[in-house]
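Undergrad: File name model.txt; file contents compact mmCIF, C-alpha atoms; full text below.
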# COMPACT_ATOMS: atom_id res chain seq x y z
CA MET A 16 17.45 27.38 -3.22
CA THR A 17 20.23 25.51 -4.96
CA ALA A 18 19.34 24.59 -8.53
CA ARG A 19 18.62 20.91 -9.01
CA LEU A 20 20.82 19.11 -11.50
CA LEU A 21 19.29 17.46 -14.53
CA PHE A 22 18.86 13.71 -14.86
CA SER A 23 20.68 11.46 -17.23
CA PRO A 24 18.68 10.59 -20.37
CA ALA A 25 17.77 7.20 -18.90
CA ILE A 26 16.23 8.70 -15.78
CA ALA A 27 14.57 11.51 -17.75
CA PHE A 28 12.86 8.86 -19.89
CA LEU A 29 11.51 7.22 -16.76
CA VAL A 30 10.05 10.51 -15.59
CA GLY A 31 8.37 10.79 -18.98
CA MET A 32 6.81 7.39 -18.48
CA LEU A 33 5.18 8.57 -15.27
CA ALA A 34 4.54 10.32 -14.55
CA MET A 35 -0.46 14.76 9.36
CA PRO A 36 1.84 11.66 9.84
CA LEU A 37 0.30 8.22 9.71
CA THR A 38 0.93 6.73 13.12
CA GLY A 39 -1.97 4.32 13.10
CA ALA A 40 -3.26 1.82 10.53
CA ALA A 41 -1.96 1.97 6.98
CA GLN A 42 -3.82 4.43 4.76
CA THR A 43 -5.91 2.85 2.00
CA MET A 44 -4.30 3.73 -1.31
CA PRO A 45 -6.44 5.33 -4.05
CA HIS A 46 -6.61 2.27 -6.33
CA GLN A 47 -7.82 0.14 -3.39
CA SER A 48 -10.39 2.56 -1.99
CA PRO A 49 -14.02 1.39 -1.61
CA ASN A 50 -15.21 4.84 -2.69
CA GLN A 51 -16.33 5.80 -6.18
CA SER A 52 -14.05 7.71 -8.55
CA VAL A 53 -16.11 10.55 -10.01
CA GLY A 54 -13.72 11.60 -12.81
CA THR A 55 -11.11 14.30 -13.28
CA VAL A 56 -13.52 16.48 -15.22
CA ASN A 57 -15.23 17.29 -11.92
CA CYS A 58 -12.09 19.19 -10.86
CA ALA A 59 -11.75 21.14 -14.11
CA SER A 60 -14.08 24.10 -13.59
CA SER A 61 -12.33 27.49 -13.67
CA THR A 62 -13.89 28.22 -10.28
CA CYS A 63 -12.40 25.04 -8.81
CA HIS A 64 -8.98 23.82 -10.03
CA GLY A 65 -9.19 24.68 -13.73
CA SER A 66 -8.19 28.32 -13.66
CA ILE A 67 -5.75 29.38 -16.38
CA ALA A 68 -3.62 31.42 -13.97
CA GLU A 69 -2.70 31.08 -10.32
CA ARG A 70 -4.98 32.84 -7.86
CA THR A 71 -3.84 34.51 -4.67
CA ALA A 72 -7.12 35.21 -2.89
CA THR A 73 -7.65 31.56 -1.90
CA PRO A 74 -5.57 29.03 0.05
CA VAL A 75 -5.01 26.96 -3.12
CA LEU A 76 -3.77 28.06 -6.53
CA GLN A 77 -6.93 26.90 -8.34
CA ASN A 78 -4.97 26.11 -11.52
CA GLU A 79 -3.99 22.60 -10.38
CA TYR A 80 -5.99 20.81 -13.08
CA THR A 81 -4.58 23.09 -15.77
CA THR A 82 -1.01 22.46 -14.61
CA TRP A 83 -1.61 18.71 -14.58
CA LEU A 84 -3.23 18.75 -18.03
CA ARG A 85 -0.59 20.89 -19.72
CA GLN A 86 2.64 19.92 -18.01
CA ASP A 87 2.41 16.67 -16.07
CA PRO A 88 3.74 13.52 -17.83
CA HIS A 89 1.20 11.48 -15.86
CA THR A 90 -1.45 12.67 -18.33
CA GLN A 91 0.32 10.65 -21.04
CA ALA A 92 0.56 7.44 -19.02
CA TYR A 93 -2.49 5.92 -20.74
CA ALA A 94 -1.64 7.29 -24.19
CA VAL A 95 1.76 5.55 -24.26
CA LEU A 96 -0.03 2.21 -23.99
CA LYS A 97 -1.16 2.69 -27.59
CA ASN A 98 2.32 3.18 -29.03
CA ALA A 99 4.31 0.53 -30.87
CA GLN A 100 6.58 -0.28 -27.94
CA SER A 101 3.67 -0.94 -25.56
CA GLN A 102 1.83 -3.04 -28.11
CA ARG A 103 4.98 -5.08 -28.67
CA ILE A 104 5.29 -5.66 -24.91
CA ALA A 105 1.67 -6.83 -24.75
CA LYS A 106 2.29 -9.19 -27.66
CA ASN A 107 5.43 -10.59 -26.05
CA LEU A 108 3.50 -11.19 -22.83
CA LYS A 109 0.76 -12.93 -24.83
CA LEU A 110 -1.89 -10.75 -23.22
CA ALA A 111 -5.48 -11.39 -24.26
CA GLN A 112 -6.06 -7.65 -24.80
CA PRO A 113 -3.96 -4.83 -26.25
CA ALA A 114 -1.86 -2.90 -23.72
CA HIS A 115 -4.41 -0.08 -23.32
CA GLU A 116 -7.06 -2.61 -22.26
CA ALA A 117 -4.95 -5.05 -20.19
CA LYS A 118 -5.21 -4.83 -16.40
CA VAL A 119 -1.50 -5.47 -15.85
CA CYS A 120 -0.74 -2.33 -17.88
CA LEU A 121 -3.68 -0.18 -16.78
CA ASP A 122 -2.95 -0.72 -13.09
CA CYS A 123 -0.08 1.76 -13.31
CA HIS A 124 -0.78 3.64 -16.52
CA SER A 125 -4.24 4.82 -15.44
CA HIS A 126 -6.44 5.07 -12.37
CA ASN A 127 -7.62 1.52 -12.88
CA VAL A 128 -10.58 0.92 -10.59
CA PRO A 129 -13.42 -1.61 -11.06
CA ALA A 130 -16.36 -0.59 -13.25
CA SER A 131 -18.58 -0.59 -10.15
CA LYS A 132 -16.39 2.16 -8.68
CA GLN A 133 -16.43 4.37 -11.78
CA GLY A 134 -18.76 7.35 -11.81
CA PRO A 135 -20.62 8.43 -14.96
CA ARG A 136 -17.94 11.02 -15.82
CA PHE A 137 -14.95 8.77 -15.13
CA ASP A 138 -12.57 8.26 -18.07
CA LYS A 139 -9.64 5.85 -17.81
CA SER A 140 -7.95 7.56 -20.76
CA ASP A 141 -7.15 10.47 -18.43
CA GLY A 142 -4.15 8.41 -17.40
CA VAL A 143 -2.78 8.85 -13.90
CA ASN A 144 -5.36 11.44 -12.98
CA CYS A 145 -6.27 13.52 -9.92
CA GLU A 146 -8.01 10.67 -8.11
CA ALA A 147 -5.13 8.28 -8.79
CA CYS A 148 -3.06 10.34 -6.35
CA HIS A 149 -5.62 12.16 -4.21
CA GLY A 150 -8.09 9.31 -3.84
CA PRO A 151 -11.60 8.63 -5.18
CA ALA A 152 -13.58 11.80 -4.54
CA GLU A 153 -17.07 10.40 -3.93
CA LYS A 154 -17.12 11.35 -0.23
CA TRP A 155 -14.85 14.38 -0.16
CA ILE A 156 -15.50 16.30 -3.37
CA LYS A 157 -18.38 18.26 -1.82
CA THR A 158 -17.20 18.51 1.75
CA HIS A 159 -13.68 19.73 0.88
CA VAL A 160 -15.07 23.12 -0.19
CA GLU A 161 -17.33 23.63 2.81
CA PRO A 162 -16.54 26.68 5.00
CA LYS A 163 -15.46 24.52 7.95
CA ALA A 164 -13.59 21.93 5.89
CA SER A 165 -10.28 20.74 7.31
CA HIS A 166 -7.52 18.60 5.86
CA ALA A 167 -8.00 16.01 8.61
CA ARG A 168 -11.72 15.77 7.85
CA ASN A 169 -11.02 15.44 4.12
CA VAL A 170 -8.64 12.56 4.84
CA GLU A 171 -11.35 10.90 6.94
CA ASN A 172 -13.63 11.16 3.89
CA GLY A 173 -11.13 9.41 1.62
CA LEU A 174 -8.70 12.11 0.48
CA TYR A 175 -5.29 10.48 0.24
CA PRO A 176 -2.76 12.32 2.47
CA THR A 177 -0.11 13.19 -0.11
CA SER A 178 1.35 15.67 2.39
CA ASP A 179 2.47 12.75 4.56
CA PRO A 180 5.97 11.65 3.49
CA TYR A 181 5.50 7.90 3.97
CA ALA A 182 2.02 7.87 2.46
CA VAL A 183 3.19 9.58 -0.70
CA ALA A 184 6.26 7.34 -0.86
CA LYS A 185 4.12 4.20 -0.66
CA LEU A 186 1.88 5.53 -3.41
CA CYS A 187 4.68 6.51 -5.80
CA THR A 188 6.69 3.33 -5.27
CA SER A 189 3.64 1.11 -5.74
CA CYS A 190 4.02 1.77 -9.46
CA HIS A 191 7.60 2.93 -9.87
CA VAL A 192 8.96 -0.04 -7.95
CA GLY A 193 5.91 -2.28 -7.70
CA ASP A 194 4.23 -3.74 -4.63
CA SER A 195 1.91 -6.62 -3.74
CA SER A 196 -1.11 -4.81 -5.21
CA ARG A 197 0.65 -3.84 -8.46
CA PRO A 198 3.54 -6.27 -8.90
CA ILE A 199 6.15 -5.55 -11.56
CA THR A 200 7.82 -8.75 -12.65
CA HIS A 201 10.95 -9.66 -14.55
CA GLN A 202 8.63 -11.13 -17.18
CA ILE A 203 7.28 -7.62 -17.85
CA MET A 204 10.79 -6.25 -18.08
CA GLY A 205 11.91 -9.11 -20.30
CA ALA A 206 9.02 -8.34 -22.64
CA GLY A 207 10.56 -4.94 -23.32
CA HIS A 208 9.49 -2.57 -20.55
CA PRO A 209 12.14 0.06 -19.75
CA ARG A 210 14.14 -0.41 -16.56
CA ILE A 211 12.39 1.29 -13.65
CA SER A 212 13.90 3.32 -10.86
CA ILE A 213 12.74 6.03 -8.49
CA GLU A 214 13.93 8.34 -5.77
CA VAL A 215 10.72 9.86 -4.47
CA GLU A 216 11.89 13.33 -3.46
CA THR A 217 13.82 13.88 -6.69
CA PHE A 218 10.88 12.77 -8.83
CA MET A 219 8.54 15.01 -6.82
CA ALA A 220 10.88 17.95 -7.32
CA LEU A 221 10.77 17.38 -11.08
CA GLU A 222 6.98 17.27 -11.12
CA PRO A 223 5.35 20.54 -12.25
CA PRO A 224 4.26 22.01 -8.87
CA HIS A 225 0.55 22.47 -8.36
CA TYR A 226 0.74 23.69 -4.78
CA ARG A 227 2.48 26.43 -2.86
CA ILE A 228 4.24 25.66 0.42
CA ASP A 229 3.28 28.68 2.51
CA ASP A 230 2.08 29.37 6.04
CA ASP A 231 -1.48 28.37 5.17
CA TRP A 232 -0.30 25.03 3.71
CA ARG A 233 1.77 24.31 6.82
CA GLU A 234 -1.10 25.24 9.11
CA ARG A 235 -3.43 22.84 7.33
CA LYS A 236 -1.03 19.97 6.66
CA GLY A 237 2.06 20.30 8.84
CA ALA A 238 5.72 20.83 7.97
CA PHE A 239 6.98 20.16 4.44
CA ASP A 240 10.35 18.48 4.85
CA THR A 241 12.22 17.34 1.74
CA GLY A 242 14.72 15.41 3.84
CA LYS A 243 12.00 13.34 5.43
CA ILE A 244 10.32 12.78 2.05
CA TRP A 245 13.62 11.41 0.73
CA ALA A 246 14.07 9.16 3.77
CA MET A 247 10.53 7.78 3.65
CA GLY A 248 10.96 7.06 -0.05
CA GLN A 249 13.92 4.84 0.76
CA PHE A 250 11.97 3.07 3.51
CA ALA A 251 9.02 2.47 1.17
CA THR A 252 11.23 1.08 -1.62
CA SER A 253 12.99 -1.22 0.85
CA ALA A 254 9.68 -2.44 2.25
CA ASN A 255 8.43 -3.29 -1.24
CA LEU A 256 11.60 -5.31 -1.92
CA LEU A 257 11.36 -7.23 1.37
CA GLU A 258 7.67 -7.98 0.84
CA LEU A 259 8.55 -9.45 -2.55
CA ILE A 260 11.29 -11.63 -1.08
CA ALA A 261 9.08 -12.76 1.82
CA ASP A 262 6.08 -13.69 -0.34
CA PRO A 263 6.44 -17.29 -1.64
CA LYS A 264 3.72 -16.61 -4.21
CA ARG A 265 5.69 -13.80 -5.78
CA ASN A 266 9.32 -14.67 -5.34
CA ARG A 267 9.50 -17.50 -7.85
CA GLN A 268 8.74 -18.13 -11.52
CA GLY A 269 8.87 -21.89 -11.76
CA ILE A 270 12.34 -23.03 -10.70
CA VAL A 271 13.75 -19.54 -11.26
CA PRO A 272 13.49 -16.91 -8.51
CA GLU A 273 11.67 -13.67 -9.32
CA LEU A 274 14.54 -11.74 -10.83
CA MET A 275 13.05 -8.35 -9.94
CA MET A 276 14.57 -8.98 -6.51
CA PHE A 277 18.05 -8.68 -7.96
CA ASP A 278 20.18 -5.95 -9.43
CA CYS A 279 19.59 -5.87 -13.20
CA HIS A 280 23.28 -5.43 -13.93
CA ALA A 281 24.24 -8.57 -12.03
CA CYS A 282 23.21 -10.40 -15.21
CA HIS A 283 22.80 -7.70 -17.86
CA SER A 284 26.49 -6.97 -18.18
CA PRO A 285 28.89 -7.76 -21.02
CA MET A 286 30.43 -11.21 -20.64
CA SER A 287 33.83 -9.70 -21.39
CA LYS A 288 33.65 -7.27 -18.48
CA LYS A 289 34.76 -9.78 -15.83
CA ASP A 290 34.89 -7.25 -13.00
CA TRP A 291 33.62 -9.32 -10.09
CA SER A 292 34.78 -8.30 -6.64
CA LYS A 293 33.62 -9.15 -3.14
CA ASP A 294 31.84 -5.79 -3.05
CA LEU A 295 29.45 -7.00 -5.75
CA ALA A 296 28.59 -10.44 -4.35
CA LEU A 297 29.90 -12.79 -1.71
CA THR A 298 31.01 -15.31 -4.30
CA PRO A 299 31.60 -15.07 -8.07
CA GLY A 300 28.60 -15.83 -10.25
CA GLN A 301 26.01 -14.98 -7.60
CA PRO A 302 23.31 -12.48 -8.57
CA ARG A 303 23.03 -9.83 -5.89
CA ILE A 304 19.84 -8.51 -4.34
CA ASN A 305 19.07 -4.98 -5.48
CA ASN A 306 19.82 -3.43 -2.10
CA ALA A 307 20.24 0.19 -3.24
CA SER A 308 17.38 1.42 -1.05
CA LEU A 309 18.58 -0.64 1.93
CA ILE A 310 21.98 1.07 1.64
CA MET A 311 20.23 4.45 1.73
CA VAL A 312 18.09 3.38 4.71
CA GLN A 313 21.19 2.50 6.70
CA ALA A 314 22.51 6.02 6.07
CA VAL A 315 19.19 7.49 7.24
CA VAL A 316 19.16 5.43 10.42
CA ARG A 317 22.80 6.19 11.28
CA ALA A 318 22.07 9.92 10.96
CA ALA A 319 18.58 10.15 12.46
CA ALA A 320 18.08 7.09 14.70
CA PRO A 321 21.50 5.53 15.46
CA ALA A 322 20.18 3.26 18.21
CA GLN A 323 18.19 1.37 15.56
CA GLU A 324 21.17 0.80 13.28
CA PRO A 325 22.88 -2.32 14.75
CA ALA A 326 19.79 -4.55 14.58
CA LEU A 327 18.97 -3.32 11.08
CA ARG A 328 22.52 -3.83 9.84
CA GLY A 329 22.70 -7.32 11.33
CA LEU A 330 19.55 -8.48 9.55
CA ILE A 331 20.67 -6.95 6.24
CA GLU A 332 23.93 -8.88 6.54
CA GLN A 333 21.98 -12.08 7.28
CA LEU A 334 19.81 -11.53 4.22
CA HIS A 335 22.84 -11.13 1.97
CA ILE A 336 24.62 -14.16 3.43
CA GLN A 337 21.60 -16.46 3.27
CA SER A 338 20.49 -15.29 -0.18
CA THR A 339 23.85 -16.39 -1.62
CA SER A 340 24.35 -19.55 0.43
CA PRO A 341 23.85 -22.89 -1.37
CA ALA A 342 22.71 -24.43 1.92
CA ALA A 343 20.01 -21.84 2.65
CA SER A 344 16.35 -22.71 2.13
CA MET A 345 13.91 -20.30 0.54
CA GLN A 346 11.83 -20.51 3.71
CA GLU A 347 14.78 -19.24 5.77
CA ILE A 348 15.38 -16.36 3.37
CA GLU A 349 11.68 -15.47 3.53
CA ARG A 350 11.83 -15.56 7.35
CA ILE A 351 14.81 -13.20 7.43
CA ALA A 352 13.09 -10.86 4.96
CA ARG A 353 10.02 -10.72 7.21
CA SER A 354 12.17 -10.05 10.29
CA LEU A 355 14.09 -7.35 8.44
CA ASN A 356 10.85 -5.74 7.26
CA SER A 357 9.58 -5.65 10.86
CA GLU A 358 12.84 -4.07 12.01
CA LEU A 359 12.61 -1.63 9.10
CA ASN A 360 9.14 -0.58 10.25
CA ARG A 361 10.39 -0.07 13.81
CA ALA A 362 13.22 2.12 12.56
CA ARG A 363 10.84 4.05 10.31
CA SER A 364 8.48 4.78 13.21
CA VAL A 365 11.42 6.35 15.05
CA VAL A 366 12.68 8.30 12.04
CA GLN A 367 9.18 9.65 11.32
CA LYS A 368 9.26 11.44 14.67
CA VAL A 369 12.68 12.98 14.09
CA SER A 370 12.86 16.57 12.89
CA PHE A 371 15.26 16.73 9.95
CA THR A 372 17.11 19.79 11.23
CA GLU A 373 20.18 21.31 9.60
CA PRO A 374 22.60 19.26 11.79
CA ILE A 375 20.73 16.02 10.95
CA MET A 376 20.74 16.86 7.24
CA GLU A 377 24.44 17.72 7.32
CA LYS A 378 25.22 14.46 9.11
CA LEU A 379 23.11 12.56 6.57
CA LEU A 380 24.81 14.22 3.61
CA LYS A 381 28.27 13.45 4.94
CA GLU A 382 27.18 9.89 5.71
CA LEU A 383 26.08 9.38 2.10
CA VAL A 384 29.35 10.76 0.76
CA THR A 385 31.52 8.92 3.29
CA MET A 386 29.96 5.57 2.35
CA ALA A 387 32.00 5.76 -0.86
CA ALA A 388 35.14 5.11 1.17
CA SER A 389 33.91 1.59 1.91
CA ASN A 390 32.70 1.09 -1.68
CA GLN A 391 29.03 0.95 -0.69
CA TYR A 392 27.95 1.94 -4.23
CA PRO A 393 29.53 -0.81 -6.36
CA ASP A 394 26.71 -1.35 -8.88
CA TYR A 395 24.81 1.01 -11.13
CA ALA A 396 21.53 0.87 -9.16
CA SER A 397 23.17 1.93 -5.90
CA ALA A 398 25.27 4.57 -7.69
CA GLU A 399 22.12 5.97 -9.28
CA GLN A 400 20.43 6.15 -5.88
CA ALA A 401 23.54 7.72 -4.36
CA TYR A 402 23.58 10.45 -7.00
CA MET A 403 19.88 11.28 -6.63
CA SER A 404 20.03 11.05 -2.84
CA ILE A 405 23.10 13.25 -2.41
CA SER A 406 21.56 15.82 -4.73
CA SER A 407 18.23 15.67 -2.88
CA VAL A 408 19.76 15.96 0.59
CA ALA A 409 22.09 18.77 -0.53
CA ASN A 410 19.17 20.78 -1.83
CA GLY A 411 17.24 20.06 1.36
CA LEU A 412 20.23 21.30 3.35
CA ALA A 413 20.27 24.50 1.30
CA ASN A 414 16.62 25.03 2.21
CA LYS A 415 17.59 24.69 5.88
CA GLY A 416 20.09 27.52 5.47
CA ASN A 417 23.41 25.76 4.82
CA SER A 418 23.92 26.87 1.24
CA GLN A 419 27.72 26.77 1.56
CA LEU A 420 27.93 23.00 2.04
CA ALA A 421 25.16 22.39 -0.51
CA SER A 422 27.01 24.52 -3.07
CA ALA A 423 30.23 22.59 -2.47
CA VAL A 424 28.35 19.38 -3.22
CA ASN A 425 26.47 20.65 -6.26
CA ALA A 426 29.68 22.06 -7.74
CA ARG A 427 30.89 18.48 -8.28
CA MET A 428 27.64 16.65 -9.01
CA ASP A 429 27.95 17.05 -12.77
CA ARG A 430 31.03 14.80 -12.62
CA LEU A 431 28.95 12.03 -11.05
CA LEU A 432 26.14 12.58 -13.54
CA LYS A 433 28.44 12.00 -16.51
CA LEU A 434 29.37 8.59 -15.09
CA LEU A 435 25.67 7.60 -14.98
CA ASN A 436 24.70 8.60 -18.51
CA ASN A 437 24.93 5.02 -19.74
CA ASP A 438 24.21 2.18 -17.35
CA GLU A 439 25.97 -0.36 -19.57
CA ARG A 440 29.21 1.64 -19.46
CA TYR A 441 29.11 2.38 -15.74
CA ASP A 442 32.56 2.24 -14.15
CA ARG A 443 32.27 1.72 -10.41
CA LYS A 444 35.92 2.59 -9.76
CA GLN A 445 35.58 5.95 -11.49
CA PHE A 446 32.37 6.66 -9.58
CA GLN A 447 34.04 5.83 -6.28
CA THR A 448 37.00 8.06 -7.15
CA GLU A 449 34.68 11.01 -7.82
CA LEU A 450 32.80 10.39 -4.59
CA LEU A 451 36.02 10.30 -2.62
CA ALA A 452 36.96 13.65 -4.18
CA LEU A 453 33.54 14.95 -3.17
CA LYS A 454 34.13 13.61 0.34
CA ALA A 455 37.40 15.55 0.56
CA ALA A 456 35.69 18.71 -0.70
CA VAL A 457 32.92 18.65 1.92
CA GLY A 458 35.04 17.30 4.78
CA GLY A 459 33.03 14.12 5.21
Take the structure I supplied and represent it as structure tokens, if you would.
TA:
Amino acid sequence: MTARLLFSPAIAFLVGMLAMPLTGAAQTMPHQSPNQSVGTVNCASSTCHGSIAERTATPVLQNEYTTWLRQDPHTQAYAVLKNAQSQRIAKNLKLAQPAHEAKVCLDCHSHNVPASKQGPRFDKSDGVNCEACHGPAEKWIKTHVEPKASHARNVENGLYPTSDPYAVAKLCTSCHVGDSSRPITHQIMGAGHPRISIEVETFMALEPPHYRIDDDWRERKGAFDTGKIWAMGQFATSANLLELIADPKRNRQGIVPELMMFDCHACHSPMSKKDWSKDLALTPGQPRINNASLIMVQAVVRAAAPAQEPALRGLIEQLHIQSTSPAASMQEIERIARSLNSELNRARSVVQKVSFTEPIMEKLLKELVTMAASNQYPDYASAEQAYMSISSVANGLANKGNSQLASAVNARMDRLLKLLNNDERYDRKQFQTELLALKAAVGG
């Protein structure tokens, strides 16, 4: 497998702060489950998931808890709420409690469930613990070790299906982007919270692995496809953005729109820079919607479900035009966002059924690189997504057997990385030049 390139310091900091397909109704996410959370300590026995070393005689490694405890940044998610930066944020927000007691902070920095849903051994100071990702264990903790236990039955009992690409993408983005259940506002960012960003497959690859993808895993849970995980991450991030735009209760702060809808660097840029172009916004002085994930989704659809692309592209264009038009009403923008979200879901349902074969992955990789020719990555957020996405898809392509093309891409990725080391010094023209050189190298 091709080695994955390291993140820039900004993205690495964000990682440190962390830390069978669903074709029917949406899966209830762990923090919204009606079941009781029994506590991570229940997983920690050496005969369960607390072994010091990996075991080979069982379908699972049995050292999952130990790996999480020793290596996973999610264990520190609660602890960081007690540091000076977090306490300053809480003070700036005028919260009634310190950060480590405030719901708005605990919702993402711990498995924050109501007291009535906390078992006697539950401890919120565990941070983002086992049940925060795998679901409250009240109904499945006993049955998942029974001789006839199956993954499908465990999911029926409340185990969250983290093996499903869209389910895991919705879960990760609910905190690392924010959704209707755990909204992240510009007020939080203005109070001092670090800028947030995620590309689900890349972040998962950087997580310390506590599972082994082998024949047994595939038999129980289906295919493990990094390309599809990447694609579903982009769909989930786009859906969260559109839900924010479409919700009148969340898209305004007084007379000011909720600025989390927009690209941070549309405003947070030196006044002397003066580098507006039509690629950044339709007219000078207009903040632009943070459409980085929507750009990625269009690449996915063109490669994997091209028949869905025209309708999706048309609605995205409408959203951009209306969101920057002085004559447009907020109600009209909300209507377009809802229509686009519906179209997005239709496209996703098609893409979920597509097998991300080597030809699809190659087409997708070349699509991502070729988009540079039309300057589709003009701002830092889209450039950041482009870098992570190209790297992710290239590594996925290597896993499919095309190591030659993946190597050609990875040989030049360090050049892109250097241009992303400081978001305030990002030069879109230099980034485009490097991507065009990459395009020539891979024959995009």
Undergrad: Any chance you could tabulate, as a tab-separated table, the residues of segment 307-354 of chain A at most 7 Å from segment 375-384 of chain A with each one's nearest atom pair and distance in Å to one decimal, using all atoms listed in the file, in chain and rising number order?
TA:
residue	atom	partner	partner_atom	distance
A:Ala314	CA	A:Glu382	CA	6.1
A:Val315	CA	A:Leu379	CA	6.4
A:Ala318	CA	A:Leu379	CA	5.2
A:Ala319	CA	A:Ile375	CA	6.4
Undergrad: Please produce a file of those selected residues containing C-alpha atoms, as a PDB file, in the coordinates of the input.
TA:
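Saved to again14.pdb:
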ATOM      1  CA  ALA A 314      22.510   6.020   6.070  1.00  0.00           C
ATOM      2  CA  VAL A 315      19.190   7.490   7.240  1.00  0.00           C
ATOM      3  CA  ALA A 318      22.070   9.920  10.960  1.00  0.00           C
ATOM      4  CA  ALA A 319      18.580  10.150  12.460  1.00  0.00           C
TER       5      ALA A 319
END
Undergrad: I'd like the interatomic distance between atom CA of Asp394 of chain A and atom CA of Arg443 of chain A, to a tenth of an Å.
TA: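 These two atoms are separated by 6.5 Å.
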Undergrad: Residues near Gln77 of chain A, anyone? I mean within 12 Å using all atoms listed in the file, not counting same-chain ones fewer than 4 positions away, as a PyMOL selection string.
TA: chain A and resi 58-73+81-83+225-227
Undergrad: Near Ser418 of chain A, counting all atoms listed in the file, which residues have an atom at most 12 Å away, once you skip same-chain residues fewer than 2 positions from it, shown as a PyMOL selection string?
TA: chain A and resi 16-18+373+377+408-416+420-426
Undergrad: Would you mind exporting the chosen residues as an mmCIF file, in the frame of the given file, restricted to C-alpha atoms?
TA:
data_model
loop_
_atom_site.group_PDB
_atom_site.id
_atom_site.type_symbol
_atom_site.label_atom_id
_atom_site.label_comp_id
_atom_site.auth_asym_id
_atom_site.auth_seq_id
_atom_site.Cartn_x
_atom_site.Cartn_y
_atom_site.Cartn_z
ATOM 1 C CA MET A 16 17.450 27.380 -3.220
ATOM 2 C CA THR A 17 20.230 25.510 -4.960
ATOM 3 C CA ALA A 18 19.340 24.590 -8.530
ATOM 4 C CA GLU A 373 20.180 21.310 9.600
ATOM 5 C CA GLU A 377 24.440 17.720 7.320
ATOM 6 C CA VAL A 408 19.760 15.960 0.590
ATOM 7 C CA ALA A 409 22.090 18.770 -0.530
ATOM 8 C CA ASN A 410 19.170 20.780 -1.830
ATOM 9 C CA GLY A 411 17.240 20.060 1.360
ATOM 10 C CA LEU A 412 20.230 21.300 3.350
ATOM 11 C CA ALA A 413 20.270 24.500 1.300
ATOM 12 C CA ASN A 414 16.620 25.030 2.210
ATOM 13 C CA LYS A 415 17.590 24.690 5.880
ATOM 14 C CA GLY A 416 20.090 27.520 5.470
ATOM 15 C CA LEU A 420 27.930 23.000 2.040
ATOM 16 C CA ALA A 421 25.160 22.390 -0.510
ATOM 17 C CA SER A 422 27.010 24.520 -3.070
ATOM 18 C CA ALA A 423 30.230 22.590 -2.470
ATOM 19 C CA VAL A 424 28.350 19.380 -3.220
ATOM 20 C CA ASN A 425 26.470 20.650 -6.260
ATOM 21 C CA ALA A 426 29.680 22.060 -7.740
#
Undergrad: With only C-alpha atoms as the atoms that count, which of A:Glu273, A:Leu432, A:Arg136, A:Gly150 lies nearest to Gly205 of chain A?
TA: A:Glu273
Undergrad: Give the answer as one residue: which of A:Val365, A:Cys123, A:Ala94, A:Leu76 has the shortest atom-to-atom distance to Ala322 of chain A, using only C-alpha atoms?
TA: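 Residue with the minimum atom-to-atom distance to Ala322 of chain A: A:Val365.
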Undergrad: Rounded to one decimal in Å, what is the spacing between atom CA of Phe239 of chain A and atom CA of Asn78 of chain A?
TA: 20.8 Å
Undergrad: Name the closest residue to Asp179 of chain A among the candidates A:Thr241, A:Asn306, A:Gln102, A:Gln313; distances are taken between atoms, counting all atoms listed in the file.
TA: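 Counting all atoms listed in the file, the residue closest to Asp179 of chain A is A:Thr241.
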